[in-house]
Amino acid sequence: MTRHALITGAAGGIGTAVVRRLHDDGIRVTGTDSVAPTSPVDGVRYLNGDIRQPDEIARVVDEAQHQNGRVDVLVNCAGVFAHGPAIETDIETWNRLFEINARAPFLFAKAVAGPMIEHRSGVIITIASNSAVVPRADMAAYAASKAAASQVTRSLGLELGPHGIRCNVVAPGTTRTPMIGDLQNPAQIVAGVPDAFKAGIPLGRIAEPIDIAAAVAFLVSDEARHITLQELIVDGGASQR
């Protein structure tokens, strides 16, 4: 039976790549985002929703399951980015980062877990960040929100494992997506910024969204059937982990 994947942030750079990859792998896909995708994938259903609102998350999950059947795979790709000195970060920015990057993945996981438990199978994957693994200057709030998302996802894996549900995290480094804007100086990103305590990228290249999607596809697949509670860092060696 064809599995059904619900992917949040489906209109974003990584989300679009994940939608396309899982669809190409033969999985039935529902994508959700607050905006319409610029490059929709034929055969994929898209739902609009504001994931800052808990009621909207419940509605999206209900509609996705009504249209495409129970959710077998949840991929939390939705995320927002902000940077700046920690002591200058306002509470509105902090709350927005945590609502979208950490609370939404938790609420989506809660919403899909019931049917997964009933059928004793399921996969939950959250896209975090290598900034949640290694401290980054001017990224305290963003890093904290992604660390929270990672910890929630892996803690859920500990609770849901006995029901056959695997929960893992993919932590990208710098990836060529609209969220980080135009890369004005990619050579400097690859080389690192010692004054900001930022290591370079040993592989000498910035990740493309398809690199992250490939990691997600592996963790979704049966080849990863014995992998759970893990954080797979996909950053070209930048975090040296």
# chains A, B, ... in the order shown; residues from 1 in each chain; ligands from 1
>>> select_by_dssp(residues="region 42-202 of chain A", states="strand (DSSP E or B)", output="number ranges by chain")
A: 45-48, 73-76, 122-127, 165-172, 175, 193, 198
>>> residues_around(residues="Thr16 (chain A)", least_positions_apart="5", cutoff="8 Å", atoms="only C-alpha atoms", output="count of residues only")
5
>>> closest_residue(among="A:Ile27, A:Leu74, A:Ala86, A:Val234", to="Arg166 (chain A)", atoms="only C-alpha atoms")
A:Leu74
>>> residues_around(residues="Gly122 (chain A)", least_positions_apart="5", cutoff="6 Å", atoms="only C-alpha atoms", output="JSON list (two decimals) with N, CA and C atoms, in the first residue's frame")
[["chain", "number", "residue", "atom", "x", "y", "z"],
["A", 72, "ASP", "N", 1.28, 8.53, 7.11],
["A", 72, "ASP", "CA", 2.30, 7.54, 7.48],
["A", 72, "ASP", "C", 3.64, 8.19, 7.75],
["A", 73, "VAL", "N", 3.86, 9.34, 7.10],
["A", 73, "VAL", "CA", 5.14, 10.05, 7.21],
["A", 73, "VAL", "C", 4.86, 11.54, 7.42],
["A", 116, "MET", "N", -0.92, 6.70, 13.79],
["A", 116, "MET", "CA", 0.34, 5.95, 13.68],
["A", 116, "MET", "C", 0.42, 4.90, 14.79],
["A", 165, "ILE", "N", 7.05, 3.52, 15.71],
["A", 165, "ILE", "CA", 7.17, 4.83, 15.07],
["A", 165, "ILE", "C", 8.59, 5.35, 15.24]]
